[in-house]
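Working notes for the structure below.
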Amino acid sequence: MKLSLKLTTLLAPVFAIIVAFGLSTIMLYLIGEDPIETFKIMYDYGKTGKSIVSILNRSVPLYISAVAVAVGFKMGLFNIGVESQYLMGALLSAALGAAVALPSFLHITLIIFVAVISSAFWAAIAGYLKVKKGVHEVISTIMLNYIGTGIIAYLLANIFFEKVELSTTAPQTDLLPETARIPSLNAFLGIEDLPNLHGFIIGAVFIGILYYWIVWKTSLGFDLRATGSSPLAAKFSGANPARLTILAMMISGAFAGFIGIAPLTGYFFKYTTDFPSGLGFAGITVALLGRNHPVGMALGAILLSFLERSAQILDLKDVPKEIEKIMQAVIVLTVVVAYEVVKRYVTNRQIKEASKVVAND
Amino acid sequence: MTLAINLSNISKSFPGVKANDEINLKIQEGTIHAIVGENGAGKSTLMKILYGMLKQDFGSIKIFDNEVNFSSPKDAISEGIGMVHQHFMLADNLSVLESIILGMDRASLKILNKSKYKDEINEITEKYSMPLNTQSMIDELGVGEKQRVEIIKVLFRGAKILILDEPTAVLVPQEVSELFNNLKNLKDSGVTIIFISHKLDEVLEIADEISVMRGGKHIDTVDATTVSKTDLAEMMIGQNLPTPPKREKNFTQDKSLTIKNLTAETDNGRRAFENINFSINQGEVVGIAGVEGNGQRELAESILGVYPIESGEIILGETTINDLSTRDRRESGLSFIPEDRQSQGLLMDVSLSENVILGKQSSTKYKSRYSNIKFNEASKNSNAVIDNFDVRTPGNNTLALALSGGNQQKFVVGREIENKPSLLIASQPTRGIDIGAQSLIWNKLRDARDGGLGVLLISADLDELIGLSDRIYVIYEGNFVKELDPENATPEILGSYMTGLKT
Ligand SMILES: Nc1ncnc2c1ncn2[C@@H]1O[C@H](COP(=O)(O)OP(=O)(O)O)[C@@H](O)[C@H]1O
Ligand SMILES: [Mg+2]
């Protein structure tokens, strides 16, 4: 029985993706494109070596962002502020990382440490406001996104930029020295003739494991999940809601601190106005897609990165590339619906089985 | 005599259960007919079919010799059938008059001729001698009065047959006897009454005939004047009626809990309880009787540390625990059975094997040195609770929400007792569950008490309080107004203190 239940749970996303492709087919057909041809173009482009490296590189920060969001979700907290949390961490760690000279290992550790601490602190504000002032975290994190963006713009233009010796007008931090850069895996894996596969992908795997351990295996994680499932029952069991709220926001923020690490130490090497943004919001989508599950979210991140990457070719083939955004949204919606359906099915089956046990004696 | 109701071969299945299995039932006009059965026996289902809220799978219904086929309660009402549900459906901000005429679809209602309706209603209240002030607002009324409004509402719609689904569940003894007087008047005026209950004393008092249901089947219909309570109980559950076991007092002099001058924080200008003093010895059950909302829930929660107190002292064993967190209080030997198992005692969408951890997730019982939860231990212990407390479940992987209420409650009680506490607070430990589960929980509580456990028992079931407690306090408007020896207590005596009639 256990196996078949697991199987039905796994079927949900597969079913959802099939439905999403079906709907996209209809859409493409309606706008006068050949659906089969379009999918084939996307697939052919998406499976090239170059694309695969790009997809994996994109997936790393996206996945970490999903993990950050999911920590909150598991406790019933909506951290919409991952966006400003990671950008804040990225800026401060970029500025500090460029200002010091250290052996490589220490240098990278310091950058990560600063990013994680500053993001966690920024997130803690929302937790504090919720606990002490009763401000709902959705409102405070959205506001903190605005405030954070403003602070970042100010710091970048007025504090960190003046120290830059380059002759450029675009605000940016100093370049990170070689010791602060995480090497690519290409040499290690013996990959030639392809763009760099960023080394922090290993970090992402560890983050997934860490997330799984904290949430599913520890006593703290039990408190988080209990609060997410029933706040009252958790409180009666001795969980301290105030402490947990602040802690969960800080853990979520700490994970958010890792989002900027791959772009910063892998290919940007500095914080500029066009440092990748929007990852905090995309993470919400991925967390929904992967149902907060460490493996589910990894697959979700890869799927979205694949769609984004393969959409690039559509323009060249004169297919409106907005179709990719629509597909993304349709997939997320169908996944959410499919999980709801499966959940109901599993629940009903359990109720039936339990009532059989009672009826049989 | 005419037959008011004639049901033949009524069957109704829900996924996984046969709620009604070929029910045949004849009810004479102008009688009170009781239907008794454990929770889940199918009583409500049968009544909902009769009232047009559910459609039977098979079988036929005759009302006053007419074959009927209801597709909604509207059809039932037009045949003269009315139903009062266990949970009242009255809006607080309406007057009695407005509540009664609300939702009537008589064309004349377009012009709300309140005074005309008022006269009609007064006629009814006089005819059946059920006094009611039509000007009062609903939220000013007590539970018994609200019920009377519901009954009059049904009569006003022309009901000749009145269905009452567990009407006494929400009433204190005084209100019950008032209801019974009203029902007798109605019967004398020719109204046919179907009275659902699982309290045997009540149905023996009020009914002319009693039908027993068990597991969806109609077991028998008997004459209320000749049948004995024991016979009824046996028909109902297939075994003897459990009574809460009265026992010799045998507690020690060691204190399990001492409460000194405990006063709650003010909330909206009022305190839930004030200046409470009592103690519980090891091996003693102290019961608290009170009408819901008189501070007993808050008192229990303040001992657990989830309700704020202003002053006073809570001493668990020898230690003052005022400043301890809920977690530390549980760690020091406090167990708690909350009144609402589903929202306060269980994680409904989580398996039993994880639910067993709840309350001890931070104790060494389930937390390893590295902060890991000991899931193997949890799985083992959940099976122990399932076995020792006869929780009927396919296994410990089953989600809590899949179990019936009685089995959920047995699991909660089992978990809290198996945590080997020094004090157990049990809030409504058997509310709304079947007799089998109830008697098991009673036995387990008694065993734990005999093993030296101190128990604080809060219950609205007065028989349960009298049967289990070694000492009873009555709480009224946040104060302990009376201490009673259960030997000398009856539900009537308790009821008069609970309602403030006696002080
Ligand atoms: N709407 C429903 N859907 C599924 N099962 C139901 C529904 N209503 C009642 N049941 C089941 O039918 C059985 C009889 O329930 P009910 O008639 O409410 O019993 P009673 O009123 O005697 O306590 C129970 O097992 C209950 O779980
Ligand atoms: Mg019922």
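For the structure tokens, the naming scheme is as follows: chains receive sequential letters (A, B, ...) according to their order of presentation, residues are indexed from 1 within each chain, and ligands are indexed from 1 in presentation order.
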Write out as a PyMOL selection string the set of residues from region 341-457 of chain B that DSSP, computed on the backbone, places in strand (DSSP E or B). chain B and resi 351+367+372-373+399+423-427+454-457
Residues of chain A within 6 Å of chain B, counting only C-alpha atoms, what are they? List them as a short mmCIF file (atom, residue, chain, number, x, y, z; two decimals) with all heavy atoms, in the first residue's frame.
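Output file part-v6.cif is given in full below:
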```
data_model
loop_
_atom_site.label_atom_id
_atom_site.label_comp_id
_atom_site.auth_asym_id
_atom_site.auth_seq_id
_atom_site.Cartn_x
_atom_site.Cartn_y
_atom_site.Cartn_z
N LYS A 217 14.28 15.98 9.86
CA LYS A 217 14.94 15.06 10.78
C LYS A 217 15.17 15.61 12.18
O LYS A 217 15.40 14.84 13.10
CB LYS A 217 16.29 14.62 10.18
CG LYS A 217 16.18 13.79 8.91
CD LYS A 217 15.51 12.47 9.19
CE LYS A 217 15.18 11.73 7.91
NZ LYS A 217 14.21 10.65 8.14
N THR A 218 15.17 16.92 12.33
CA THR A 218 15.53 17.45 13.65
C THR A 218 14.29 17.80 14.47
O THR A 218 13.18 17.90 13.95
CB THR A 218 16.37 18.74 13.53
OG1 THR A 218 15.54 19.76 12.97
CG2 THR A 218 17.59 18.54 12.67
N SER A 219 14.56 18.01 15.73
CA SER A 219 13.51 18.40 16.66
C SER A 219 12.98 19.80 16.32
O SER A 219 11.77 20.05 16.37
CB SER A 219 14.12 18.34 18.05
OG SER A 219 13.50 19.20 18.92
N LEU A 232 -2.10 25.65 16.82
CA LEU A 232 -2.54 25.45 18.20
C LEU A 232 -1.95 24.18 18.80
O LEU A 232 -1.45 24.19 19.93
CB LEU A 232 -4.07 25.34 18.24
CG LEU A 232 -4.85 26.54 18.72
CD1 LEU A 232 -6.31 26.16 18.89
CD2 LEU A 232 -4.29 27.06 20.03
N ALA A 233 -2.02 23.09 18.04
CA ALA A 233 -1.49 21.83 18.56
C ALA A 233 0.00 21.98 18.84
O ALA A 233 0.52 21.47 19.83
CB ALA A 233 -1.74 20.69 17.57
N SER A 237 1.87 21.69 22.43
CA SER A 237 2.91 20.67 22.61
C SER A 237 4.19 21.30 23.15
O SER A 237 5.16 20.60 23.40
CB SER A 237 3.20 19.98 21.28
OG SER A 237 4.07 20.78 20.49
N GLY A 238 4.21 22.62 23.29
CA GLY A 238 5.36 23.26 23.88
C GLY A 238 6.21 24.06 22.91
O GLY A 238 7.21 24.64 23.30
N GLN A 350 -7.27 6.63 2.71
CA GLN A 350 -6.91 6.34 4.10
C GLN A 350 -8.15 6.26 4.97
O GLN A 350 -8.28 5.39 5.81
CB GLN A 350 -5.98 7.44 4.62
CG GLN A 350 -4.59 7.33 4.03
CD GLN A 350 -3.54 7.37 5.11
OE1 GLN A 350 -3.81 7.69 6.26
NE2 GLN A 350 -2.32 7.03 4.77
N ILE A 351 -9.08 7.18 4.74
CA ILE A 351 -10.30 7.17 5.54
C ILE A 351 -11.05 5.87 5.30
O ILE A 351 -11.53 5.22 6.23
CB ILE A 351 -11.18 8.39 5.19
CG1 ILE A 351 -10.50 9.66 5.67
CG2 ILE A 351 -12.57 8.25 5.81
CD1 ILE A 351 -11.20 10.94 5.27
N LYS A 352 -11.12 5.46 4.03
CA LYS A 352 -11.82 4.21 3.71
C LYS A 352 -11.17 3.03 4.41
O LYS A 352 -11.84 2.19 5.00
CB LYS A 352 -11.77 3.98 2.19
CG LYS A 352 -13.15 4.10 1.56
CD LYS A 352 -13.09 3.73 0.11
CE LYS A 352 -13.72 4.83 -0.73
NZ LYS A 352 -13.61 4.58 -2.16
N ALA A 354 -9.30 3.03 7.04
CA ALA A 354 -9.48 3.10 8.49
C ALA A 354 -10.90 2.71 8.89
O ALA A 354 -11.10 2.05 9.90
CB ALA A 354 -9.18 4.51 9.00
N VAL A 358 -12.48 -0.50 11.42
CA VAL A 358 -13.49 -0.37 12.47
C VAL A 358 -14.67 -1.29 12.17
O VAL A 358 -15.19 -1.96 13.06
CB VAL A 358 -13.96 1.10 12.57
CG1 VAL A 358 -15.09 1.21 13.58
CG2 VAL A 358 -12.80 1.98 12.97
#
```
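When only C-alpha atoms are used to measure the gap to Gly333 (chain B), the shortest distance among B:Val356, B:Ile303, B:Ile321, B:Leu423 belongs to B:Leu423.
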Identify, counting only C-alpha atoms and all ligand atoms, the protein, DNA and RNA residues located within 9 Å of ligand 1, and give them as JSON, numbers by chain. {"A": [355, 359], "B": [12, 13, 14, 15, 16, 17, 18, 19, 20, 36, 37, 38, 39, 40, 41, 42, 43, 44, 45, 46, 47, 48, 54, 165, 166, 196, 197, 198, 213, 214, 215, 216, 404, 434]}
Grab the residues selected above and save them as an mmCIF file, in the first residue's frame with N, CA and C atoms.
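Written out: part33.cif:
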```
data_model
loop_
_atom_site.group_PDB
_atom_site.id
_atom_site.type_symbol
_atom_site.label_atom_id
_atom_site.label_comp_id
_atom_site.auth_asym_id
_atom_site.auth_seq_id
_atom_site.Cartn_x
_atom_site.Cartn_y
_atom_site.Cartn_z
ATOM 1 N N SER A 355 -11.883 3.081 8.061
ATOM 2 C CA SER A 355 -13.249 2.734 8.456
ATOM 3 C C SER A 355 -13.495 1.241 8.253
ATOM 4 N N ALA A 359 -15.080 -1.329 10.892
ATOM 5 C CA ALA A 359 -16.265 -2.116 10.533
ATOM 6 C C ALA A 359 -16.032 -3.615 10.703
ATOM 7 N N LYS B 12 -28.828 3.312 2.956
ATOM 8 C CA LYS B 12 -27.992 4.410 2.476
ATOM 9 C C LYS B 12 -26.528 4.072 2.739
ATOM 10 N N SER B 13 -25.707 4.132 1.706
ATOM 11 C CA SER B 13 -24.272 3.855 1.880
ATOM 12 C C SER B 13 -23.467 5.101 1.612
ATOM 13 N N PHE B 14 -22.425 5.277 2.405
ATOM 14 C CA PHE B 14 -21.386 6.254 2.098
ATOM 15 C C PHE B 14 -20.140 5.466 1.733
ATOM 16 N N PRO B 15 -19.199 6.114 1.063
ATOM 17 C CA PRO B 15 -17.972 5.374 0.731
ATOM 18 C C PRO B 15 -17.435 4.641 1.963
ATOM 19 N N GLY B 16 -17.420 3.313 1.900
ATOM 20 C CA GLY B 16 -16.819 2.566 3.002
ATOM 21 C C GLY B 16 -17.758 2.206 4.133
ATOM 22 N N VAL B 17 -18.922 2.814 4.244
ATOM 23 C CA VAL B 17 -19.837 2.441 5.330
ATOM 24 C C VAL B 17 -21.268 2.333 4.841
ATOM 25 N N LYS B 18 -21.962 1.362 5.450
ATOM 26 C CA LYS B 18 -23.401 1.285 5.237
ATOM 27 C C LYS B 18 -24.029 2.016 6.415
ATOM 28 N N ALA B 19 -24.390 3.272 6.207
ATOM 29 C CA ALA B 19 -24.889 4.092 7.319
ATOM 30 C C ALA B 19 -26.285 3.650 7.731
ATOM 31 N N ASN B 20 -27.096 3.243 6.764
ATOM 32 C CA ASN B 20 -28.431 2.710 7.039
ATOM 33 C C ASN B 20 -28.599 1.436 6.238
ATOM 34 N N VAL B 36 -32.194 5.503 19.724
ATOM 35 C CA VAL B 36 -30.919 5.513 20.437
ATOM 36 C C VAL B 36 -29.894 4.687 19.681
ATOM 37 N N GLY B 37 -28.638 4.975 19.933
ATOM 38 C CA GLY B 37 -27.557 4.249 19.283
ATOM 39 C C GLY B 37 -26.274 4.988 19.526
ATOM 40 N N GLU B 38 -25.169 4.250 19.431
ATOM 41 C CA GLU B 38 -23.873 4.887 19.633
ATOM 42 C C GLU B 38 -23.598 5.887 18.521
ATOM 43 N N ASN B 39 -22.578 6.713 18.731
ATOM 44 C CA ASN B 39 -22.129 7.584 17.652
ATOM 45 C C ASN B 39 -21.786 6.746 16.439
ATOM 46 N N GLY B 40 -22.274 7.160 15.286
ATOM 47 C CA GLY B 40 -21.971 6.434 14.065
ATOM 48 C C GLY B 40 -22.955 5.325 13.764
ATOM 49 N N ALA B 41 -23.988 5.170 14.602
ATOM 50 C CA ALA B 41 -24.959 4.097 14.381
ATOM 51 C C ALA B 41 -25.833 4.364 13.158
ATOM 52 N N GLY B 42 -25.909 5.619 12.743
ATOM 53 C CA GLY B 42 -26.688 5.944 11.554
ATOM 54 C C GLY B 42 -27.964 6.721 11.851
ATOM 55 N N LYS B 43 -28.110 7.216 13.062
ATOM 56 C CA LYS B 43 -29.323 7.928 13.462
ATOM 57 C C LYS B 43 -29.501 9.209 12.644
ATOM 58 N N SER B 44 -28.445 10.024 12.627
ATOM 59 C CA SER B 44 -28.563 11.298 11.908
ATOM 60 C C SER B 44 -28.820 11.069 10.429
ATOM 61 N N THR B 45 -28.173 10.059 9.878
ATOM 62 C CA THR B 45 -28.366 9.768 8.459
ATOM 63 C C THR B 45 -29.827 9.458 8.180
ATOM 64 N N LEU B 46 -30.422 8.626 9.015
ATOM 65 C CA LEU B 46 -31.823 8.267 8.829
ATOM 66 C C LEU B 46 -32.717 9.507 8.912
ATOM 67 N N MET B 47 -32.427 10.365 9.870
ATOM 68 C CA MET B 47 -33.235 11.566 10.028
ATOM 69 C C MET B 47 -33.057 12.526 8.858
ATOM 70 N N LYS B 48 -31.825 12.594 8.365
ATOM 71 C CA LYS B 48 -31.596 13.478 7.223
ATOM 72 C C LYS B 48 -32.343 12.984 5.990
ATOM 73 N N LEU B 54 -30.916 14.135 2.638
ATOM 74 C CA LEU B 54 -30.175 13.085 1.941
ATOM 75 C C LEU B 54 -31.175 12.236 1.178
ATOM 76 N N ASP B 165 -32.559 16.171 16.842
ATOM 77 C CA ASP B 165 -31.326 15.368 16.800
ATOM 78 C C ASP B 165 -30.438 15.731 17.981
ATOM 79 N N GLU B 166 -30.329 14.838 18.919
ATOM 80 C CA GLU B 166 -29.523 15.029 20.132
ATOM 81 C C GLU B 166 -29.769 16.387 20.781
ATOM 82 N N ILE B 196 -33.770 11.947 19.212
ATOM 83 C CA ILE B 196 -32.530 11.190 19.060
ATOM 84 C C ILE B 196 -31.644 11.421 20.278
ATOM 85 N N SER B 197 -31.044 10.369 20.775
ATOM 86 C CA SER B 197 -30.164 10.545 21.930
ATOM 87 C C SER B 197 -29.305 9.301 22.078
ATOM 88 N N HIS B 198 -28.244 9.433 22.857
ATOM 89 C CA HIS B 198 -27.640 8.182 23.300
ATOM 90 C C HIS B 198 -27.597 8.103 24.820
ATOM 91 N N MET B 213 -30.645 1.501 17.284
ATOM 92 C CA MET B 213 -29.862 1.290 16.062
ATOM 93 C C MET B 213 -28.436 0.919 16.434
ATOM 94 N N ARG B 214 -27.860 0.034 15.640
ATOM 95 C CA ARG B 214 -26.455 -0.316 15.840
ATOM 96 C C ARG B 214 -25.839 -0.644 14.489
ATOM 97 N N GLY B 215 -24.721 -0.019 14.196
ATOM 98 C CA GLY B 215 -23.991 -0.295 12.959
ATOM 99 C C GLY B 215 -24.853 -0.174 11.714
ATOM 100 N N GLY B 216 -25.755 0.830 11.706
ATOM 101 C CA GLY B 216 -26.565 1.064 10.526
ATOM 102 C C GLY B 216 -27.831 0.223 10.470
ATOM 103 N N SER B 404 -11.653 7.635 13.128
ATOM 104 C CA SER B 404 -12.888 8.170 13.692
ATOM 105 C C SER B 404 -12.553 8.960 14.956
ATOM 106 N N ASP B 434 -17.836 7.346 20.955
ATOM 107 C CA ASP B 434 -18.741 6.235 21.174
ATOM 108 C C ASP B 434 -18.504 5.589 22.539
#
```
Measure the distance from CA of Val319 (chain A) to CA of Ile55 (chain A) in Å and round it to one decimal. 20.9 Å
Running DSSP on the backbone, which parts of region 73-252 of chain B land in helix (DSSP H, G or I), as a ChimeraX atom specification? /B:73-78,96-101,107-110,114-127,138-140,143-156,167-170,173-188,200-206,229-237
Ile52 (chain A) surroundings by only C-alpha atoms, 10 Å radius, close-in-sequence under 5 positions cut, as JSON, numbers by chain: {"A": [45, 46, 47, 57, 58, 194, 195, 197, 302, 305, 306, 309]}
For N, CA and C atoms, I'd like the residues from the last selection saved as a JSON list (two decimals), in the first residue's frame.
```
[["chain", "number", "residue", "atom", "x", "y", "z"],
["A", 45, "TYR", "N", 17.33, 22.48, -29.04],
["A", 45, "TYR", "CA", 18.21, 23.53, -28.56],
["A", 45, "TYR", "C", 18.58, 23.28, -27.09],
["A", 46, "GLY", "N", 17.59, 22.84, -26.33],
["A", 46, "GLY", "CA", 17.81, 22.65, -24.89],
["A", 46, "GLY", "C", 18.76, 21.51, -24.58],
["A", 47, "LYS", "N", 18.93, 20.57, -25.52],
["A", 47, "LYS", "CA", 19.74, 19.41, -25.17],
["A", 47, "LYS", "C", 21.19, 19.54, -25.64],
["A", 57, "ASN", "N", 23.68, 25.87, -14.46],
["A", 57, "ASN", "CA", 24.12, 27.10, -13.79],
["A", 57, "ASN", "C", 22.95, 27.95, -13.33],
["A", 58, "ARG", "N", 21.94, 28.06, -14.19],
["A", 58, "ARG", "CA", 20.75, 28.81, -13.80],
["A", 58, "ARG", "C", 20.04, 28.15, -12.63],
["A", 194, "LEU", "N", 33.20, 23.71, -23.68],
["A", 194, "LEU", "CA", 31.88, 24.13, -23.20],
["A", 194, "LEU", "C", 32.07, 25.28, -22.22],
["A", 195, "PRO", "N", 31.01, 26.07, -22.03],
["A", 195, "PRO", "CA", 31.11, 27.12, -21.01],
["A", 195, "PRO", "C", 31.35, 26.51, -19.63],
["A", 197, "LEU", "N", 30.95, 25.13, -16.05],
["A", 197, "LEU", "CA", 29.94, 24.60, -15.15],
["A", 197, "LEU", "C", 30.36, 25.03, -13.75],
["A", 302, "ILE", "N", 15.29, 22.79, -12.44],
["A", 302, "ILE", "CA", 15.88, 22.39, -13.72],
["A", 302, "ILE", "C", 14.85, 22.56, -14.85],
["A", 305, "SER", "N", 14.48, 26.23, -15.68],
["A", 305, "SER", "CA", 15.69, 26.72, -16.36],
["A", 305, "SER", "C", 15.73, 26.21, -17.79],
["A", 306, "PHE", "N", 15.28, 24.98, -17.97],
["A", 306, "PHE", "CA", 15.25, 24.41, -19.32],
["A", 306, "PHE", "C", 14.30, 25.22, -20.20],
["A", 309, "ARG", "N", 15.80, 28.61, -21.01],
["A", 309, "ARG", "CA", 16.90, 28.50, -21.96],
["A", 309, "ARG", "C", 16.38, 28.19, -23.36]]
```
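We find CA of Met327 (chain A) and CA of Gly280 (chain A) to be spaced 20.0 Å apart.
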Polymer residues at most 10 Å from Asn6 (chain B), only C-alpha atoms, same-chain spacing of 4 or more positions, as a PyMOL selection string: chain B and resi 24-28+60-67
Residue nearest ligand 2 among B:Ala384, B:Leu94, B:Ile475, B:Ile433 (counting only C-alpha atoms and all ligand atoms):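 Looking only at the distances to ligand 2, the closest residue turns out to be B:Ile433.
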Which of these residues is nearest to ligand 2, using only C-alpha atoms and all ligand atoms: B:Ala169, B:Lys160, B:Lys153, B:Lys114?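 Residue with the minimum atom-to-atom distance to ligand 2: B:Ala169.
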Neighbour list for region 181-185 of chain A as a list in words, cut-off 8 Å, only C-alpha atoms, skip fewer than 2 positions in-chain: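 Everything that qualifies: Ser104, Ile108, Leu176, Pro177, Glu178, Thr179, Ala187, Phe188, Leu189, Asn196, Leu197, His198, Gly199, Phe200, Thr265, Gly266 and Phe269 of chain A.
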Residues just named, written with N, CA and C atoms as a PDB file, in the first residue's frame:
```
ATOM      1  N   SER A 104      42.602  31.511  -0.325  1.00  0.00           N
ATOM      2  CA  SER A 104      41.370  31.242  -1.054  1.00  0.00           C
ATOM      3  C   SER A 104      40.259  30.658  -0.190  1.00  0.00           C
ATOM      4  N   ILE A 108      36.727  32.636   0.476  1.00  0.00           N
ATOM      5  CA  ILE A 108      35.402  32.180   0.032  1.00  0.00           C
ATOM      6  C   ILE A 108      34.483  31.972   1.242  1.00  0.00           C
ATOM      7  N   LEU A 176      36.215  40.979  -7.446  1.00  0.00           N
ATOM      8  CA  LEU A 176      36.773  40.067  -6.453  1.00  0.00           C
ATOM      9  C   LEU A 176      38.123  39.552  -6.940  1.00  0.00           C
ATOM     10  N   PRO A 177      39.103  39.438  -6.048  1.00  0.00           N
ATOM     11  CA  PRO A 177      40.377  38.858  -6.456  1.00  0.00           C
ATOM     12  C   PRO A 177      40.229  37.372  -6.750  1.00  0.00           C
ATOM     13  N   GLU A 178      41.226  36.798  -7.400  1.00  0.00           N
ATOM     14  CA  GLU A 178      41.190  35.373  -7.770  1.00  0.00           C
ATOM     15  C   GLU A 178      40.895  34.468  -6.580  1.00  0.00           C
ATOM     16  N   THR A 179      41.439  34.826  -5.414  1.00  0.00           N
ATOM     17  CA  THR A 179      41.275  33.953  -4.244  1.00  0.00           C
ATOM     18  C   THR A 179      39.818  33.846  -3.805  1.00  0.00           C
ATOM     19  N   ALA A 187      37.463  21.504 -15.568  1.00  0.00           N
ATOM     20  CA  ALA A 187      38.738  20.807 -15.567  1.00  0.00           C
ATOM     21  C   ALA A 187      38.606  19.502 -14.806  1.00  0.00           C
ATOM     22  N   PHE A 188      37.928  19.580 -13.680  1.00  0.00           N
ATOM     23  CA  PHE A 188      37.764  18.424 -12.805  1.00  0.00           C
ATOM     24  C   PHE A 188      36.994  17.314 -13.500  1.00  0.00           C
ATOM     25  N   LEU A 189      35.947  17.676 -14.260  1.00  0.00           N
ATOM     26  CA  LEU A 189      35.143  16.672 -14.942  1.00  0.00           C
ATOM     27  C   LEU A 189      35.686  16.337 -16.326  1.00  0.00           C
ATOM     28  N   ASN A 196      31.704  27.353 -18.685  1.00  0.00           N
ATOM     29  CA  ASN A 196      32.028  26.866 -17.347  1.00  0.00           C
ATOM     30  C   ASN A 196      30.811  26.336 -16.604  1.00  0.00           C
ATOM     31  N   LEU A 197      30.952  25.133 -16.048  1.00  0.00           N
ATOM     32  CA  LEU A 197      29.936  24.598 -15.146  1.00  0.00           C
ATOM     33  C   LEU A 197      30.358  25.030 -13.752  1.00  0.00           C
ATOM     34  N   HIS A 198      29.513  25.846 -13.135  1.00  0.00           N
ATOM     35  CA  HIS A 198      29.977  26.482 -11.917  1.00  0.00           C
ATOM     36  C   HIS A 198      30.103  25.529 -10.738  1.00  0.00           C
ATOM     37  N   GLY A 199      31.200  25.714  -9.962  1.00  0.00           N
ATOM     38  CA  GLY A 199      31.524  24.801  -8.866  1.00  0.00           C
ATOM     39  C   GLY A 199      30.528  24.809  -7.718  1.00  0.00           C
ATOM     40  N   PHE A 200      29.783  25.894  -7.587  1.00  0.00           N
ATOM     41  CA  PHE A 200      28.893  25.971  -6.430  1.00  0.00           C
ATOM     42  C   PHE A 200      27.683  25.034  -6.550  1.00  0.00           C
ATOM     43  N   THR A 265      30.572  34.582  -7.157  1.00  0.00           N
ATOM     44  CA  THR A 265      31.917  34.004  -7.170  1.00  0.00           C
ATOM     45  C   THR A 265      32.175  33.184  -8.422  1.00  0.00           C
ATOM     46  N   GLY A 266      31.155  33.053  -9.284  1.00  0.00           N
ATOM     47  CA  GLY A 266      31.308  32.186 -10.442  1.00  0.00           C
ATOM     48  C   GLY A 266      31.438  32.909 -11.754  1.00  0.00           C
ATOM     49  N   PHE A 269      31.636  38.191 -10.334  1.00  0.00           N
ATOM     50  CA  PHE A 269      32.808  38.623  -9.555  1.00  0.00           C
ATOM     51  C   PHE A 269      32.676  40.026  -8.974  1.00  0.00           C
TER      52      PHE A 269
END
```
